[in-house]
Number of protein chains: 2
Amino acid sequence: MSKSKSTPRPILRSTADFARHVGLARTTVSRVLNGQPGLKPKTIARVHAAMEATGFTPNAHALHLKGKNSATIGICMEDLLTPPAMRKLAALQRLLRAQNYASLIEVLDPGESRRVVRHFLSMRVDAIVFIGLFDEAEITARISELVAHGTPHLLIDHAGIAGANTVSLDRAAGMTAVVNHLLAFGHTRFGLLGLSSPALTAGARLHGIRAALAAHRLDFDACTQSLDHLHVRAGDFEYGRALATTFATAPNRPTAFLALNDEIGVGALHGFQTSGLRVPHDLSISGFNNQDICAMTTPGLTSVDQQIAPTVAAAAKLILEQLAGPARRRPVLRTIVPELVARGSTGPAPT
Amino acid sequence: MSKSKSTPRPILRSTADFARHVGLARTTVSRVLNGQPGLKPKTIARVHAAMEATGFTPNAHALHLKGKNSATIGICMEDLLTPPAMRKLAALQRLLRAQNYASLIEVLDPGESRRVVRHFLSMRVDAIVFIGLFDEAEITARISELVAHGTPHLLIDHAGIAGANTVSLDRAAGMTAVVNHLLAFGHTRFGLLGLSSPALTAGARLHGIRAALAAHRLDFDACTQSLDHLHVRAGDFEYGRALATTFATAPNRPTAFLALNDEIGVGALHGFQTSGLRVPHDLSISGFNNQDICAMTTPGLTSVDQQIAPTVAAAAKLILEQLAGPARRRPVLRTIVPELVARGSTGPAPT
DNA sequence: CTGAAAGCGCTTACAG
DNA sequence: CTGAAAGCGCTTACAG
């Protein structure tokens with residue numbers, strides 16, 4: 001500390017400053033920085049040593065003005081910031097960084113998408129990625145703007161937007177797997193927990209349930225029951241607990257419960273257990289997303305894994321392809337197949 | 001879609017292009033964009049309408065070159081990306097965005113800090129914030145570079161770095177609160193779960209435990225026991241479970257257990273319950289961080305809340321002050337006092 | 001290796 | 001309101 005005070009480093013703001021400091025021409029410094037040939041090893045070493053010593057870094061904005069890309073990807077996050085969304089963000093960022101792309105990240109609060117995308121464009125990002133679920137009209141508008149603008153884009157999760165490059169989970173397949181798993185255990189009456197949510201992904205899951213039942217010649221309306229309307233969904237954990245408590249004393253209770261997500265599933269597990277019901281002896285429960293908490297309950301919660309690593313790998317690949325190659329004429333769609341993770345919360349139907 | 005194909009928007013890359021498109025002088029457009037006085041309302045409206053129609057956004061890099069700040073804050077995240085760290089990131093980003101600062105975020109893998117900070121400096125970020133715990137030598141080096149460079153900085157969480165502006169949790173006070181809470185319940189023998197970790201924050205917590213015991217004239221060595229050395233800490237949940245299972249059959253078992261974090265605490269809760277012990281009837285357990293899972297176990301896990309909102313508010317305030325005011329001579333230190341959240345996992349000592 | 005010059009997209013005086 | 005000019009920090013030919 002005292003040392004750095006007695007010999008303050010000169011603050012070098014430009015290659016001009018820096019070149020003067022090293023005692024070389026600006027041109028020469030520039031050529032070293034860009035690895036151009038025909039320079040003496042000594043000169044190169046001198047410049048590098050001075051960079052280390054002074055901490056000088058060329059101004060990235062000026063570089064960009066001279067035609068280099070900004071080497072920055074804009075990432076728009078859904079405002080909920082769920083743990084799975086965070087994991088996707090972290091994984092994607094790591095893959096992009098490995099290719100020397102930095103990430104400019106903004107959380108998209110409702111109504112802010114236009115402002116955020118314009119900011120990204122003003123930063124001349126090389127591509128914009130959206131992670132999560134967004135307002136249908138907003139995201140549609142943003143995608144068509146980006147397409148018109150010629151800026152590469154990708155949606156992770158939000159499926160069904162016309163013209164959008166998309167990587168999304170086949171949630172219907174996930175639910176089909178869960179229902180098949182439970183059918184094999186002899187369950188035929190299913191309680192739906194939170195699946196009447198207007199959330200975009202709830203519809204796909206209902207389709208998956210319908211498909212599995214139909215394949216076994218079972219009637220959806222006869223086999224399923226929902227009490228979602230009896231409670232307000234404030235926190236998911238509490239919502240699941242409240243639904244379970246109501247179901248616990250309801251006549252003709254289903255033997256298997258399908259939750260919209262893990263939080264509702266864990267809440268329901270507690271609600272049933274508190275009501276004196278044993279899981280999976282008296283009833284089975286499944287969650288969705290396979291978050292860490294699924295392994296932390298007793299019994300563990302059967303869930304559906306989103307396959308985050310393959311999802312993000314596919315996403316990174318699509319973005320990098322767009323950055324490297326010519327613009328595609330048609331949007332690219334990738335579907336990721338989720339994986340059922342069976343745990344102790346699901347078992348044979350009570351006899 | 002077909003509409004946008006039949007009338008493709010011209011791609012406007014510069015104010016020159018845009019001004020030509022609107023039929024105004026570049027100078028005039030620039031003055032509208034910067035809200036300068038002396039312009040006809042009609043002209044202003046014309047420019048704004050054209051911006052909407054074309055989606056033109058001025059190049060932020062050129063703006064920066066002309067002397068505006070980059071309006072970007074660099075944020076370095078600890079590589080673990082724990083949920084509390086993510087919540088801090090999200091909250092901080094939101095506060096900064098309210099002041100029109102964008103966030104450039106990078107995860108600091110070990111050994112990468114120099115590269116990441118240099119990248120941020122090349123982007124001419126207005127400040128750099130570090131969230132989480134880092135390698136002592138690396139973070140010390142980065143901070144002294146930033147101080148020398150005159151770039152504002154702030155550490156969130158990582159306390160004890162000389163010369164660094166810091167906002168951090170008083171973890172010792174948190175542990176003292178937990179121990180006092182348990183002493184009041186009549187506990188005098190404490191099992192320590194994971195607290196022998198070399199993690200930077202474990203030391204502070206041990207101090208807190210010592211302080212609480214000393215205040216009650218209790219001897220630390222006589223009152224505490226650790227079996228950390230008997231298990232390998234791979235996953236925290238499993239680690240907690242393994243420690244609890246070993247403690248369950250150990251002679252002279254403590255009556256209260258203090259876990260390094262919530263994951264270890266929840267794992268221990270399961271481990272004890274699986275071993276046939278009742279919580280809190282037979283023993284008490286506390287976690288640390290007060291994550292959502294604490295409310296999702298049966299019983300709920302007593303924990304220590306990090307006070308993320310006040311922490312981040314203090315952090316944002318410190319950053320914005322540095323950006324607004326003159327450079328301070330001395331580093332600023334803010335300590336956040338955590339709050340004990342008592343739940344069902346702690347109760348009277350067994351008689 | 002040096003040095004002068006052009007130009008990336010902007011803003012800001014300055015003269016019309 | 002227009003238009004020409006300078007300059008922010010860089011790179012890249014070009015002539016020495």
# chains A, B, ... in the order shown; residues from 1 in each chain; ligands from 1
$ interface_residues --of "chain B" --to "chain D" --cutoff "10 Å" --atoms "only C-alpha atoms (C1' of nucleotides)" --output "list in words"
Leu24, Ala25, Arg26, Thr27, Thr28, Gly38, Leu39, Lys40, Thr43, Ala62, Leu63, His64, Leu65, Lys66, Gly67 and Lys68 of chain B
$ write_last_selection --atoms "C-alpha atoms" --output "mmCIF file, in the first residue's frame"
data_model
loop_
_atom_site.group_PDB
_atom_site.id
_atom_site.type_symbol
_atom_site.label_atom_id
_atom_site.label_comp_id
_atom_site.auth_asym_id
_atom_site.auth_seq_id
_atom_site.Cartn_x
_atom_site.Cartn_y
_atom_site.Cartn_z
ATOM 1 C CA LEU B 24 -32.690 16.400 -41.353
ATOM 2 C CA ALA B 25 -29.116 17.367 -40.624
ATOM 3 C CA ARG B 26 -27.042 15.064 -38.435
ATOM 4 C CA THR B 27 -26.553 17.946 -36.058
ATOM 5 C CA THR B 28 -30.267 18.456 -35.666
ATOM 6 C CA GLY B 38 -34.242 25.613 -29.359
ATOM 7 C CA LEU B 39 -35.880 23.010 -31.564
ATOM 8 C CA LYS B 40 -39.361 23.142 -33.081
ATOM 9 C CA THR B 43 -38.940 18.530 -35.624
ATOM 10 C CA ALA B 62 -19.404 6.191 -30.024
ATOM 11 C CA LEU B 63 -21.255 8.003 -27.273
ATOM 12 C CA HIS B 64 -18.773 6.737 -24.761
ATOM 13 C CA LEU B 65 -15.871 7.845 -26.899
ATOM 14 C CA LYS B 66 -17.295 11.325 -26.880
ATOM 15 C CA GLY B 67 -16.876 11.401 -23.146
ATOM 16 C CA LYS B 68 -20.076 9.982 -21.713
#
$ select_by_dssp --residues "range 8-161 of chain A" --states "alpha helix (DSSP H)" --output "PyMOL selection string"
chain A and resi 15-22+26-33+41-54+60-65+83-98+113-122+136-149
$ select_by_dssp --residues "range 73-242 of chain B" --states "strand (DSSP E or B)" --output "JSON, numbers by chain"
{"B": [73, 74, 75, 76, 77, 78, 102, 103, 104, 105, 106, 107, 108, 127, 128, 129, 130, 131, 132, 153, 154, 155, 156, 157, 166, 167, 168, 169, 190, 191, 192, 193, 224, 225, 226]}
$ atom_distance --atom1 "CA of Thr166 in chain B" --atom2 "CA of Ile209 in chain B"
23.4 Å
$ residues_around --residues "Gln93 in chain B" --least-positions-apart "3" --cutoff "12 Å" --atoms "only C-alpha atoms (C1' of nucleotides)" --output "number ranges by chain"
A: 77, 79, 104-109; B: 72-75, 86-90, 96-105, 129, 131, 312-313, 315-316, 319
$ interface_residues --of "chain B" --to "chain A" --cutoff "6 Å" --atoms "only C-alpha atoms" --output "ChimeraX atom specification"
/B:57-61,104,122-123
$ residues_around --residues "Asn290 in chain B" --least-positions-apart "2" --cutoff "10 Å" --atoms "only C-alpha atoms (C1' of nucleotides)" --output "list of chain:residue names"
B:Pro84, B:Asn261, B:Asp262, B:Ser286, B:Gly287, B:Phe288, B:Asp292, B:Ile293, B:Cys294, B:Ala295, B:Leu301, B:Thr302, B:Ser303, B:Val304, B:Asp305, B:Gln306, B:Gln307, B:Glu339, B:Leu340, B:Val341, B:Ala342
$ residues_around --residues "Thr188 in chain B" --least-positions-apart "6" --cutoff "12 Å" --atoms "only C-alpha atoms (C1' of nucleotides)" --output "count of residues only"
28
$ residues_around --residues "Val22 in chain B" --least-positions-apart "3" --cutoff "10 Å" --atoms "only C-alpha atoms (C1' of nucleotides)" --output "MDAnalysis selection string"
chainID B and resid 16:19 25:26 29 43 46:47 49:51
